[in-house]
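Data from data_28.pdb: PDB, C-alpha atoms
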```
ATOM      1  CA  MET H   1      33.365  -8.982   1.942
ATOM      2  CA  ASP H   2      30.030  -7.184   2.125
ATOM      3  CA  ASP H   3      27.077  -8.147  -0.077
ATOM      4  CA  MET H   4      27.546  -5.265  -2.525
ATOM      5  CA  ALA H   5      31.238  -5.921  -2.991
ATOM      6  CA  HIS H   6      30.481  -9.609  -3.512
ATOM      7  CA  PHE H   7      27.844  -8.647  -6.075
ATOM      8  CA  HIS H   8      30.282  -6.491  -8.033
ATOM      9  CA  VAL H   9      32.939  -9.216  -8.038
ATOM     10  CA  SER H  10      30.389 -11.837  -9.114
ATOM     11  CA  GLN H  11      29.028  -9.560 -11.825
ATOM     12  CA  SER H  12      32.454  -8.722 -13.254
ATOM     13  CA  GLY H  13      33.331 -12.393 -13.418
ATOM     14  CA  SER H  14      30.170 -13.506 -15.169
ATOM     15  CA  ASN H  15      29.843 -10.926 -17.963
ATOM     16  CA  MET H  16      26.459  -9.854 -16.633
ATOM     17  CA  SER H  17      24.827  -6.905 -18.335
ATOM     18  CA  HIS H  18      23.027  -4.316 -16.270
ATOM     19  CA  ILE H  19      20.852  -1.243 -16.523
ATOM     20  CA  VAL H  20      21.026   1.598 -14.007
ATOM     21  CA  HIS H  21      17.484   2.834 -13.356
ATOM     22  CA  ILE H  22      18.230   5.181 -10.459
ATOM     23  CA  ALA H  23      21.791   6.469 -10.328
ATOM     24  CA  ASP H  24      21.502   8.483  -7.113
ATOM     25  CA  VAL H  25      18.766   7.554  -4.632
ATOM     26  CA  GLY H  26      20.019  10.178  -2.194
ATOM     27  CA  GLU H  27      19.460  12.922  -4.729
ATOM     28  CA  LEU H  28      15.926  11.679  -5.329
ATOM     29  CA  GLU H  29      15.294  11.889  -1.582
ATOM     30  CA  ARG H  30      16.569  15.478  -1.520
ATOM     31  CA  GLN H  31      14.347  16.378  -4.481
ATOM     32  CA  GLU H  32      11.380  14.723  -2.774
ATOM     33  CA  GLN H  33      11.882  16.760   0.401
ATOM     34  CA  HIS H  34      12.234  19.962  -1.645
ATOM     35  CA  ASN H  35       9.043  19.248  -3.590
ATOM     36  CA  MET H  36       7.135  18.470  -0.402
ATOM     37  CA  ALA H  37       8.298  21.712   1.192
ATOM     38  CA  GLN H  38       7.135  23.649  -1.859
ATOM     39  CA  ARG H  39       3.701  22.046  -1.617
ATOM     40  CA  ILE H  40       3.446  22.972   2.059
ATOM     41  CA  ALA H  41       4.323  26.584   1.207
ATOM     42  CA  ILE H  42       1.567  26.964  -1.394
ATOM     43  CA  PHE H  43      -1.185  24.906   0.286
ATOM     44  CA  ASN H  44      -4.161  27.207   0.777
ATOM     45  CA  GLY H  45      -5.912  25.209   3.486
ATOM     46  CA  GLU H  46      -9.201  24.929   1.596
ATOM     47  CA  LYS H  47      -9.270  21.194   2.294
ATOM     48  CA  ALA H  48      -8.614  19.321   5.508
ATOM     49  CA  ILE H  49      -5.534  17.769   3.916
ATOM     50  CA  ASP H  50      -3.395  18.577   0.891
ATOM     51  CA  VAL H  51      -3.991  15.593  -1.380
ATOM     52  CA  ASP H  52      -1.139  16.771  -3.624
ATOM     53  CA  ASN H  53       1.434  16.038  -0.952
ATOM     54  CA  TYR H  54       2.758  13.253   1.258
ATOM     55  CA  HIS H  55       1.911  13.243   4.954
ATOM     56  CA  THR H  56       3.235  11.775   8.181
ATOM     57  CA  TYR H  57       1.369   9.076  10.070
ATOM     58  CA  GLU H  58       0.203  11.670  12.592
ATOM     59  CA  GLU H  59      -1.135  13.963   9.869
ATOM     60  CA  VAL H  60      -3.083  11.171   8.187
ATOM     61  CA  MET H  61      -4.561  10.025  11.502
ATOM     62  CA  ALA H  62      -5.575  13.606  12.353
ATOM     63  CA  TYR H  63      -7.249  13.903   8.952
ATOM     64  CA  LEU H  64      -9.239  10.694   9.470
ATOM     65  CA  ALA H  65     -10.267  11.775  12.968
ATOM     66  CA  GLU H  66     -11.450  15.133  11.655
ATOM     67  CA  LEU H  67     -13.445  13.438   8.892
ATOM     68  CA  ALA H  68     -15.092  11.124  11.399
ATOM     69  CA  ASN H  69     -16.049  14.115  13.554
ATOM     70  CA  THR H  70     -17.361  16.325  10.747
ATOM     71  CA  ASN H  71     -18.674  14.047   7.996
ATOM     72  CA  PRO H  72     -21.649  11.749   8.748
ATOM     73  CA  LEU H  73     -20.485   9.318   6.059
ATOM     74  CA  VAL H  74     -17.224   8.585   7.853
ATOM     75  CA  SER H  75     -16.316   6.518  10.877
ATOM     76  CA  THR H  76     -13.059   4.910  11.962
ATOM     77  CA  LYS H  77     -12.176   1.560  13.468
ATOM     78  CA  VAL H  78      -8.938   0.487  15.107
ATOM     79  CA  GLY H  79      -7.950  -2.903  13.741
ATOM     80  CA  GLY H  80      -4.984  -3.335  16.035
ATOM     81  CA  THR H  81      -1.944  -1.658  17.529
ATOM     82  CA  SER H  82       1.604  -1.816  16.218
ATOM     83  CA  GLU H  83       4.647  -2.980  18.148
ATOM     84  CA  GLU H  84       5.497   0.653  18.953
ATOM     85  CA  GLY H  85       1.955   1.495  20.003
ATOM     86  CA  ARG H  86       0.510   3.140  16.909
ATOM     87  CA  ASP H  87      -3.081   2.395  15.931
ATOM     88  CA  ILE H  88      -3.778   0.575  12.673
ATOM     89  CA  VAL H  89      -6.850   2.536  11.613
ATOM     90  CA  GLN H  90      -9.533   1.733   9.080
ATOM     91  CA  ALA H  91     -11.613   4.535   7.573
ATOM     92  CA  ILE H  92     -15.192   3.477   6.802
ATOM     93  CA  ILE H  93     -17.331   5.410   4.319
ATOM     94  CA  SER H  94     -20.992   4.440   4.325
ATOM     95  CA  SER H  95     -24.264   6.181   3.607
ATOM     96  CA  GLY H  96     -25.921   3.763   6.029
ATOM     97  CA  LEU H  97     -28.763   2.853   3.702
ATOM     98  CA  SER H  98     -28.276  -0.850   4.405
ATOM     99  CA  ALA H  99     -26.362  -2.782   7.030
ATOM    100  CA  ASN H 100     -25.544  -5.496   4.499
ATOM    101  CA  LYS H 101     -24.188  -3.542   1.562
ATOM    102  CA  PRO H 102     -21.257  -5.093  -0.322
ATOM    103  CA  VAL H 103     -17.838  -3.792   0.665
ATOM    104  CA  HIS H 104     -14.817  -2.524  -1.247
ATOM    105  CA  PHE H 105     -11.760  -3.142   0.967
ATOM    106  CA  PHE H 106      -8.344  -1.469   0.571
ATOM    107  CA  ASP H 107      -5.061  -1.924   2.404
ATOM    108  CA  CYS H 108      -2.297   0.580   1.739
ATOM    109  CA  ASN H 109       1.325   1.099   2.781
ATOM    110  CA  ILE H 110       1.965  -2.350   4.241
ATOM    111  CA  HIS H 111       5.441  -1.795   2.802
ATOM    112  CA  ALA H 112       6.726   1.282   4.585
ATOM    113  CA  ARG H 113       8.616   3.018   1.768
ATOM    114  CA  GLU H 114       5.707   2.898  -0.688
ATOM    115  CA  TRP H 115       4.377   6.365   0.200
ATOM    116  CA  ILE H 116       2.342   6.744  -2.984
ATOM    117  CA  THR H 117       0.006   3.985  -1.757
ATOM    118  CA  ALA H 118      -1.132   5.865   1.368
ATOM    119  CA  ALA H 119      -1.363   9.076  -0.663
ATOM    120  CA  THR H 120      -3.540   7.340  -3.250
ATOM    121  CA  CYS H 121      -5.897   5.970  -0.601
ATOM    122  CA  VAL H 122      -6.145   9.390   1.058
ATOM    123  CA  TRP H 123      -6.974  10.966  -2.308
ATOM    124  CA  ILE H 124      -9.717   8.409  -2.978
ATOM    125  CA  ILE H 125     -11.146   8.981   0.516
ATOM    126  CA  ASP H 126     -11.162  12.723  -0.160
ATOM    127  CA  GLN H 127     -12.835  12.290  -3.545
ATOM    128  CA  ILE H 128     -15.590  10.106  -2.123
ATOM    129  CA  THR H 129     -16.291  12.217   0.951
ATOM    130  CA  THR H 130     -16.310  15.551  -0.887
ATOM    131  CA  GLY H 131     -18.161  14.237  -3.934
ATOM    132  CA  TYR H 132     -21.049  12.493  -2.210
ATOM    133  CA  GLY H 133     -24.285  14.363  -2.804
ATOM    134  CA  SER H 134     -22.898  16.479  -5.639
ATOM    135  CA  ASP H 135     -21.275  13.950  -7.961
ATOM    136  CA  PRO H 136     -23.927  11.481  -9.211
ATOM    137  CA  GLU H 137     -21.420   8.696  -9.888
ATOM    138  CA  ILE H 138     -19.810   8.923  -6.451
ATOM    139  CA  THR H 139     -23.182   9.235  -4.747
ATOM    140  CA  SER H 140     -24.426   6.109  -6.491
ATOM    141  CA  LEU H 141     -21.284   4.153  -5.594
ATOM    142  CA  VAL H 142     -21.509   5.086  -1.915
ATOM    143  CA  ASP H 143     -25.201   4.232  -1.804
ATOM    144  CA  GLN H 144     -24.469   0.828  -3.354
ATOM    145  CA  TYR H 145     -21.257  -0.071  -1.483
ATOM    146  CA  ASP H 146     -19.443   0.534   1.773
ATOM    147  CA  TRP H 147     -15.852   1.694   1.240
ATOM    148  CA  LYS H 148     -13.210   0.644   3.763
ATOM    149  CA  PHE H 149      -9.595   1.818   3.723
ATOM    150  CA  VAL H 150      -6.551   1.098   5.857
ATOM    151  CA  PRO H 151      -4.379   3.998   4.631
ATOM    152  CA  ILE H 152      -1.277   3.064   6.645
ATOM    153  CA  ALA H 153      -1.194  -0.655   7.411
ATOM    154  CA  ASN H 154       2.411  -0.537   8.648
ATOM    155  CA  PRO H 155       2.545   2.554  10.877
ATOM    156  CA  ASP H 156       5.871   1.849  12.619
ATOM    157  CA  GLY H 157       7.705   1.181   9.376
ATOM    158  CA  TYR H 158       6.063   4.203   7.753
ATOM    159  CA  ALA H 159       7.120   6.482  10.629
ATOM    160  CA  TYR H 160      10.649   5.078  10.357
ATOM    161  CA  THR H 161      10.811   6.075   6.673
ATOM    162  CA  TRP H 162      10.062   9.654   7.704
ATOM    163  CA  ASN H 163      12.595   9.981  10.498
ATOM    164  CA  THR H 164      15.410   7.515   9.748
ATOM    165  CA  ASP H 165      15.501   5.457   6.545
ATOM    166  CA  ARG H 166      13.365   6.518   3.582
ATOM    167  CA  ASN H 167      13.760   3.126   1.881
ATOM    168  CA  TRP H 168      12.782   0.909   4.840
ATOM    169  CA  ARG H 169      10.305  -1.838   3.820
ATOM    170  CA  LYS H 170       9.391  -4.003   6.832
ATOM    171  CA  ASN H 171       7.750  -3.358  10.185
ATOM    172  CA  ARG H 172       9.924  -2.563  13.230
ATOM    173  CA  LEU H 173       9.698  -5.765  15.246
ATOM    174  CA  VAL H 174      12.832  -6.569  17.237
ATOM    175  CA  ASN H 175      13.584 -10.145  16.182
ATOM    176  CA  ASN H 176      14.673 -12.458  19.003
ATOM    177  CA  GLY H 177      18.159 -13.832  18.484
ATOM    178  CA  SER H 178      19.019 -11.405  15.706
ATOM    179  CA  THR H 179      20.441  -7.915  15.451
ATOM    180  CA  CYS H 180      18.230  -7.344  12.391
ATOM    181  CA  VAL H 181      14.892  -5.619  12.820
ATOM    182  CA  GLY H 182      11.578  -6.114  11.075
ATOM    183  CA  VAL H 183       9.264  -8.585   9.376
ATOM    184  CA  ASP H 184       7.704  -8.215   5.948
ATOM    185  CA  ALA H 185       4.039  -8.245   6.923
ATOM    186  CA  ASN H 186       3.150  -8.966   3.310
ATOM    187  CA  ARG H 187       4.848 -12.341   3.655
ATOM    188  CA  ASN H 188       3.156 -13.089   6.994
ATOM    189  CA  PHE H 189      -0.183 -14.424   5.734
ATOM    190  CA  PRO H 190      -0.936 -18.168   5.745
ATOM    191  CA  ILE H 191      -1.407 -19.020   2.062
ATOM    192  CA  GLY H 192       1.959 -20.423   0.990
ATOM    193  CA  PHE H 193       3.572 -19.146   4.185
ATOM    194  CA  ALA H 194       7.382 -19.520   4.248
ATOM    195  CA  GLY H 195       7.452 -20.559   0.598
ATOM    196  CA  SER H 196       9.388 -19.185  -2.336
ATOM    197  CA  GLY H 197       9.566 -15.424  -2.556
ATOM    198  CA  SER H 198       9.958 -15.046   1.197
ATOM    199  CA  SER H 199      12.921 -15.560   3.503
ATOM    200  CA  SER H 200      13.643 -17.198   6.861
ATOM    201  CA  ASP H 201      16.488 -14.742   7.404
ATOM    202  CA  PRO H 202      15.513 -11.863   9.742
ATOM    203  CA  CYS H 203      17.983  -9.643   7.895
ATOM    204  CA  SER H 204      16.159 -10.102   4.591
ATOM    205  CA  GLY H 205      13.669  -7.566   3.288
ATOM    206  CA  THR H 206      11.219 -10.414   2.718
ATOM    207  CA  TYR H 207      11.589 -12.090   6.133
ATOM    208  CA  HIS H 208       8.285 -13.882   6.740
ATOM    209  CA  GLY H 209       8.355 -13.971  10.544
ATOM    210  CA  ILE H 210       8.150 -16.913  12.913
ATOM    211  CA  ALA H 211       4.605 -17.953  11.951
ATOM    212  CA  ALA H 212       1.665 -16.848   9.857
ATOM    213  CA  PHE H 213      -0.080 -13.901  11.536
ATOM    214  CA  SER H 214       2.749 -13.477  14.032
ATOM    215  CA  GLU H 215       2.781  -9.791  13.076
ATOM    216  CA  ARG H 216       0.341  -7.239  14.425
ATOM    217  CA  GLU H 217      -0.118  -5.654  10.992
ATOM    218  CA  ALA H 218      -1.078  -8.933   9.323
ATOM    219  CA  SER H 219      -3.394  -9.850  12.208
ATOM    220  CA  ALA H 220      -5.100  -6.452  12.015
ATOM    221  CA  LEU H 221      -5.828  -6.816   8.299
ATOM    222  CA  ARG H 222      -7.006 -10.391   8.869
ATOM    223  CA  ASP H 223      -9.482  -9.252  11.514
ATOM    224  CA  LEU H 224     -10.701  -6.195   9.610
ATOM    225  CA  ILE H 225     -11.564  -8.076   6.434
ATOM    226  CA  ALA H 226     -12.973 -11.049   8.381
ATOM    227  CA  ALA H 227     -15.403  -8.694  10.131
ATOM    228  CA  ASP H 228     -17.130  -8.240   6.768
ATOM    229  CA  ARG H 229     -16.918 -11.860   5.643
ATOM    230  CA  GLY H 230     -19.403 -12.562   2.889
ATOM    231  CA  ARG H 231     -19.829  -8.883   2.052
ATOM    232  CA  VAL H 232     -16.430  -8.049   0.547
ATOM    233  CA  LYS H 233     -16.679  -7.865  -3.240
ATOM    234  CA  THR H 234     -13.238  -6.447  -3.966
ATOM    235  CA  ALA H 235     -10.054  -6.458  -1.888
ATOM    236  CA  ILE H 236      -7.264  -4.237  -3.170
ATOM    237  CA  SER H 237      -3.731  -4.247  -1.780
ATOM    238  CA  MET H 238      -1.897  -1.095  -2.856
ATOM    239  CA  HIS H 239       1.823  -1.296  -3.611
ATOM    240  CA  SER H 240       4.524   0.403  -5.641
ATOM    241  CA  TYR H 241       6.232   0.451  -7.958
ATOM    242  CA  SER H 242       6.000  -1.254 -11.376
ATOM    243  CA  GLN H 243       2.619  -0.249 -12.847
ATOM    244  CA  MET H 244       0.985  -3.653 -12.610
ATOM    245  CA  PHE H 245      -2.483  -5.002 -11.861
ATOM    246  CA  LEU H 246      -1.942  -8.392 -10.229
ATOM    247  CA  SER H 247      -4.346 -11.172  -9.379
ATOM    248  CA  PRO H 248      -3.786 -14.325  -7.280
ATOM    249  CA  TYR H 249      -1.762 -16.309  -6.872
ATOM    250  CA  GLY H 250       1.492 -14.966  -5.505
ATOM    251  CA  TYR H 251       2.815 -18.162  -3.943
ATOM    252  CA  THR H 252       2.484 -20.341  -7.064
ATOM    253  CA  THR H 253       2.366 -19.881 -10.806
ATOM    254  CA  ASP H 254      -0.857 -21.895 -10.923
ATOM    255  CA  LEU H 255      -3.877 -19.788 -11.818
ATOM    256  CA  PRO H 256      -7.053 -19.672  -9.715
ATOM    257  CA  ALA H 257     -10.087 -21.398 -11.124
ATOM    258  CA  GLU H 258     -11.516 -18.028 -12.309
ATOM    259  CA  SER H 259      -9.412 -16.631 -14.250
ATOM    260  CA  THR H 260      -6.990   7.983 -17.765
ATOM    261  CA  TYR H 261      -3.689   9.014 -18.358
ATOM    262  CA  GLY H 262      -2.510   6.495 -20.823
ATOM    263  CA  THR H 263      -0.055   5.085 -18.269
ATOM    264  CA  PRO H 264       0.724   1.523 -19.354
ATOM    265  CA  TYR H 265      -0.028  -1.168 -16.752
ATOM    266  CA  THR H 266       0.874  -4.834 -17.058
ATOM    267  CA  TYR H 267      -1.856  -7.325 -16.105
ATOM    268  CA  GLY H 268      -1.485 -10.866 -14.833
ATOM    269  CA  ASN H 269      -1.193 -13.047 -11.776
ATOM    270  CA  THR H 270       1.455 -12.092  -9.233
ATOM    271  CA  ALA H 271       3.785 -15.089  -9.420
ATOM    272  CA  VAL H 272       4.077 -14.981 -13.218
ATOM    273  CA  THR H 273       3.912 -11.240 -13.831
ATOM    274  CA  ILE H 274       6.296  -9.875 -11.194
ATOM    275  CA  TYR H 275       7.696 -12.608  -8.900
ATOM    276  CA  ILE H 276       6.664 -15.359  -6.502
ATOM    277  CA  ALA H 277       5.483 -13.853  -3.228
ATOM    278  CA  SER H 278       4.412 -16.431  -0.668
ATOM    279  CA  GLY H 279       2.236 -15.392   2.254
ATOM    280  CA  ASP H 280       0.881 -12.152   0.793
ATOM    281  CA  THR H 281      -2.386 -10.329   1.462
ATOM    282  CA  THR H 282      -3.999 -10.929  -1.904
ATOM    283  CA  ASP H 283      -3.815 -14.730  -1.710
ATOM    284  CA  HIS H 284      -5.237 -14.629   1.821
ATOM    285  CA  TYR H 285      -8.152 -12.445   0.743
ATOM    286  CA  TYR H 286      -8.844 -14.775  -2.164
ATOM    287  CA  GLU H 287      -8.383 -18.158  -0.488
ATOM    288  CA  SER H 288      -9.309 -17.556   3.150
ATOM    289  CA  GLU H 289     -11.982 -14.894   2.727
ATOM    290  CA  GLY H 290     -13.383 -15.994  -0.624
ATOM    291  CA  VAL H 291     -12.958 -12.594  -2.277
ATOM    292  CA  VAL H 292     -12.867 -13.454  -5.974
ATOM    293  CA  HIS H 293     -11.902  -9.917  -6.990
ATOM    294  CA  SER H 294      -8.729  -9.748  -4.938
ATOM    295  CA  TYR H 295      -5.890  -7.774  -6.488
ATOM    296  CA  THR H 296      -2.545  -6.182  -5.844
ATOM    297  CA  ILE H 297      -2.004  -2.907  -7.666
ATOM    298  CA  GLU H 298       1.597  -1.828  -8.179
ATOM    299  CA  LEU H 299       1.323   1.927  -8.718
ATOM    300  CA  ARG H 300       3.653   4.312 -10.547
ATOM    301  CA  ASP H 301       6.283   4.423 -11.753
ATOM    302  CA  SER H 302       8.348   1.970 -13.791
ATOM    303  CA  GLY H 303      11.700   2.900 -12.260
ATOM    304  CA  THR H 304      12.573   6.529 -13.001
ATOM    305  CA  TYR H 305      11.808   7.671  -9.448
ATOM    306  CA  GLY H 306      10.994   4.344  -7.810
ATOM    307  CA  PHE H 307       9.739   4.803  -4.247
ATOM    308  CA  GLN H 308      10.518   8.558  -4.326
ATOM    309  CA  LEU H 309       7.678   9.416  -6.681
ATOM    310  CA  PRO H 310       7.320  13.238  -6.806
ATOM    311  CA  PRO H 311       4.270  14.748  -5.086
ATOM    312  CA  ASP H 312       3.009  16.161  -8.378
ATOM    313  CA  GLN H 313       2.331  12.578  -9.488
ATOM    314  CA  ILE H 314       0.056  11.750  -6.543
ATOM    315  CA  VAL H 315      -3.188  12.992  -8.084
ATOM    316  CA  PRO H 316      -2.574  11.525 -11.582
ATOM    317  CA  THR H 317      -1.633   8.182  -9.988
ATOM    318  CA  ALA H 318      -4.668   8.183  -7.728
ATOM    319  CA  THR H 319      -6.983   9.292 -10.530
ATOM    320  CA  GLU H 320      -5.954   6.532 -12.907
ATOM    321  CA  THR H 321      -6.153   4.021 -10.035
ATOM    322  CA  ARG H 322      -9.698   5.040  -9.156
ATOM    323  CA  PHE H 323     -10.862   4.581 -12.718
ATOM    324  CA  ARG H 324      -9.506   1.021 -12.845
ATOM    325  CA  PHE H 325     -12.101  -0.193 -10.328
TER     326      PHE H 325
END
```
Would you mind writing the structure in this file as structure tokens?
Amino acid sequence: MDDMAHFHVSQSGSNMSHIVHIADVGELERQEQHNMAQRIAIFNGEKAIDVDNYHTYEEVMAYLAELANTNPLVSTKVGGTSEEGRDIVQAIISSGLSANKPVHFFDCNIHAREWITAATCVWIIDQITTGYGSDPEITSLVDQYDWKFVPIANPDGYAYTWNTDRNWRKNRLVNNGSTCVGVDANRNFPIGFAGSGSSSDPCSGTYHGIAAFSEREASALRDLIAADRGRVKTAISMHSYSQMFLSPYGYTTDLPAESTYGTPYTYGNTAVTIYIASGDTTDHYYESEGVVHSYTIELRDSGTYGFQLPPDQIVPTATETRFRF
């Protein structure tokens, strides 16, 4: 008996109630592809990238490379290389007024299917780079802080969601001794590693890997944030979906010592507000790197579209996210 059949039998025998949030995921995927094609058809090319649409790994990397070549604020840094040979790239936005400015650090799309997270980071990058020098608020923020983004922290998994399985979550590591592929890089950090909310089963979506930092994606984020140790004032890990603003901890319900569009967001620590998640980025940033303002943001929506959020919600999502900082 497969897992779904077992679930249905167990449910029918236990009088469990249920709510169907998404009746047809396949139809949502078809709608998503249609909406993306429409955006491509009407894009006028005035910007280097259409921030109202989703983009492949190659398109995002080309955009970052073009920015680095044409905008003096922007440089890029390769934090590591994925199992399949894709670069894990950080975009750095700095006016260069001081070598020791505080840093705002963002990781996005560590879970492959969460496309809205990369799109949100790309939109924020676009807003900062086009607004500097003309928008007083943006200019002030760039002069005060360095802004560092990893728009696609899981490039292999992200590419796989474009060409094979839209709802893939993990990376694409071939696990020794198992026919199941992938590790959840957001369970591969050391704080609470292998605890509740992660799995030792390579077939699980929350498989934590063989050891903390065994995964190239986790190691790349570790090294990128460590390079600015002592300077990082905020560390934001972008996720979807649920509309939540989550603080440490994820691995335990204990609390740390410190405790636009009208879209409702729930606030609280990860383990209490959404679920226990051992070995995640946010706890590592908080505990290992000492970043007090370390948060996970679960972006739109609350379940109507799930991971297939329509492209016309990219800008509203990104806008309301920006104004939460």
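Applied to this file, the PyMOL selection byres ((chain H and resi 246) around 9) selects the residues Met244, Phe245, Ser247, Pro248, Tyr249, Gly250, Thr266, Tyr267, Gly268, Asn269, Thr270, Ala271, Thr273, Ile274, Thr282, Ser294, Tyr295, Thr296, Ile297 and Glu298 of chain H.
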Discussion item. Report as a PyMOL selection string all protein, DNA and RNA residues lying within 8 Å of Leu309 (chain H), evaluated on all atoms listed in the file, omitting residues in the same chain fewer than 4 positions from it.
Written reply: chain H and resi 32+116+300-301+305+313-314
Item to complete: Would you translate the PyMOL selection byres ((chain H and resi 169) around 12) into the concrete set of residues it matches in this file, as a PyMOL selection string?
Response: chain H and resi 109-115+154-161+165-168+170-172+181-187+203-207+239-240+307
Discussion item. When you look at Ser278 (chain H) with a cut-off of 7 Å (counting only C-alpha atoms), what residues show up, excluding the ones that are within fewer than 6 positions of it in the same chain? I need them as a VMD selection string.
Written reply: chain H and resid 187 191 to 198 250 to 251
Practice prompt. Given the file shown, enumerate the residues that the PyMOL selection byres ((chain H and resi 36) around 10) captures and present them as a count of residues only.
Written response: 18
Neighbours of Ser75 (chain H) within 10 Å (only C-alpha atoms; same-chain residues fewer than 2 positions away dropped), as an mmCIF file with C-alpha atoms, keeping the file's coordinate frame?
```
data_model
loop_
_atom_site.group_PDB
_atom_site.id
_atom_site.type_symbol
_atom_site.label_atom_id
_atom_site.label_comp_id
_atom_site.auth_asym_id
_atom_site.auth_seq_id
_atom_site.Cartn_x
_atom_site.Cartn_y
_atom_site.Cartn_z
ATOM 1 C CA LEU H 64 -9.239 10.694 9.470
ATOM 2 C CA ALA H 65 -10.267 11.775 12.968
ATOM 3 C CA GLU H 66 -11.450 15.133 11.655
ATOM 4 C CA LEU H 67 -13.445 13.438 8.892
ATOM 5 C CA ALA H 68 -15.092 11.124 11.399
ATOM 6 C CA ASN H 69 -16.049 14.115 13.554
ATOM 7 C CA THR H 70 -17.361 16.325 10.747
ATOM 8 C CA ASN H 71 -18.674 14.047 7.996
ATOM 9 C CA PRO H 72 -21.649 11.749 8.748
ATOM 10 C CA LEU H 73 -20.485 9.318 6.059
ATOM 11 C CA LYS H 77 -12.176 1.560 13.468
ATOM 12 C CA GLN H 90 -9.533 1.733 9.080
ATOM 13 C CA ALA H 91 -11.613 4.535 7.573
ATOM 14 C CA ILE H 92 -15.192 3.477 6.802
ATOM 15 C CA ILE H 93 -17.331 5.410 4.319
ATOM 16 C CA SER H 94 -20.992 4.440 4.325
ATOM 17 C CA LYS H 148 -13.210 0.644 3.763
#
```
Fill in: Non-local contacts of Cys108 (chain H) (9 Å; all atoms listed in the file; under 2 positions in same chain excluded) as a ChimeraX atom specification
/H:106,110-111,114-115,117-121,149-154,236-239
Worksheet entry | Contact residues around Thr81 (chain H) with only C-alpha atoms at 8 Å, ignoring same-chain residues under 4 positions, as a list in words | Gly85, Arg86, Asp87, Ile88, Arg216, Glu217 and Ala220 of chain H
Around region 117-127 of chain H, fit a box with edges along x, y and z, padding it by 8 Å on each side, then list its centre and edge lengths in Å to one decimal as lines of an AutoDock Vina configuration file.
```
center_x = -6.4
center_y = 8.4
center_z = -1.1
size_x = 28.8
size_y = 24.7
size_z = 20.9
```
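You can rank H:Ser302, H:Thr179, H:Gln144, H:Thr164 by their closest distance to Tyr241 (chain H) using only C-alpha atoms, and at the top of that list sits H:Ser302.
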Discussion item. Taking all atoms listed in the file into account, name the residue in H:Glu215, H:Glu320, H:Glu137, H:Asp126 that is nearest to Leu299 (chain H).
Written reply: H:Glu320
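Shortest atom-to-atom contact with Val51 (chain H) among H:Gly79, H:Gly306, H:Ala212, H:Ala318: H:Ala318, counting all atoms listed in the file.
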From the coordinates I just gave you, please extract region 175-184 of chain H so that only N, CA, C and O atoms remain, then output it as a short mmCIF file (atom, residue, chain, number, x, y, z; two decimals), in the first residue's frame.
```
data_model
loop_
_atom_site.label_atom_id
_atom_site.label_comp_id
_atom_site.auth_asym_id
_atom_site.auth_seq_id
_atom_site.Cartn_x
_atom_site.Cartn_y
_atom_site.Cartn_z
N ASN H 175 21.99 10.32 -2.91
CA ASN H 175 22.29 9.79 -1.58
C ASN H 175 22.83 8.36 -1.68
O ASN H 175 22.18 7.48 -2.26
N ASN H 176 24.01 8.14 -1.12
CA ASN H 176 24.60 6.80 -1.12
C ASN H 176 23.69 5.81 -0.40
O ASN H 176 23.17 6.09 0.69
N GLY H 177 23.49 4.65 -1.03
CA GLY H 177 22.70 3.61 -0.41
C GLY H 177 21.20 3.81 -0.49
O GLY H 177 20.44 3.08 0.16
N SER H 178 20.76 4.78 -1.26
CA SER H 178 19.33 5.04 -1.38
C SER H 178 19.00 5.39 -2.82
O SER H 178 19.81 5.99 -3.54
N THR H 179 17.81 5.03 -3.24
CA THR H 179 17.33 5.43 -4.56
C THR H 179 16.73 6.83 -4.52
O THR H 179 16.43 7.39 -5.58
N CYS H 180 16.57 7.39 -3.33
CA CYS H 180 15.96 8.72 -3.18
C CYS H 180 17.03 9.80 -3.26
O CYS H 180 18.13 9.65 -2.73
N VAL H 181 16.68 10.88 -3.91
CA VAL H 181 17.61 11.97 -4.19
C VAL H 181 17.30 13.17 -3.30
O VAL H 181 16.14 13.45 -3.00
N GLY H 182 18.36 13.87 -2.88
CA GLY H 182 18.19 15.18 -2.27
C GLY H 182 18.28 15.24 -0.76
O GLY H 182 17.94 14.29 -0.05
N VAL H 183 18.77 16.38 -0.30
CA VAL H 183 18.84 16.74 1.12
C VAL H 183 18.17 18.08 1.28
O VAL H 183 18.29 18.96 0.43
N ASP H 184 17.45 18.25 2.38
CA ASP H 184 16.89 19.56 2.71
C ASP H 184 18.00 20.40 3.32
O ASP H 184 18.35 20.22 4.49
#
```
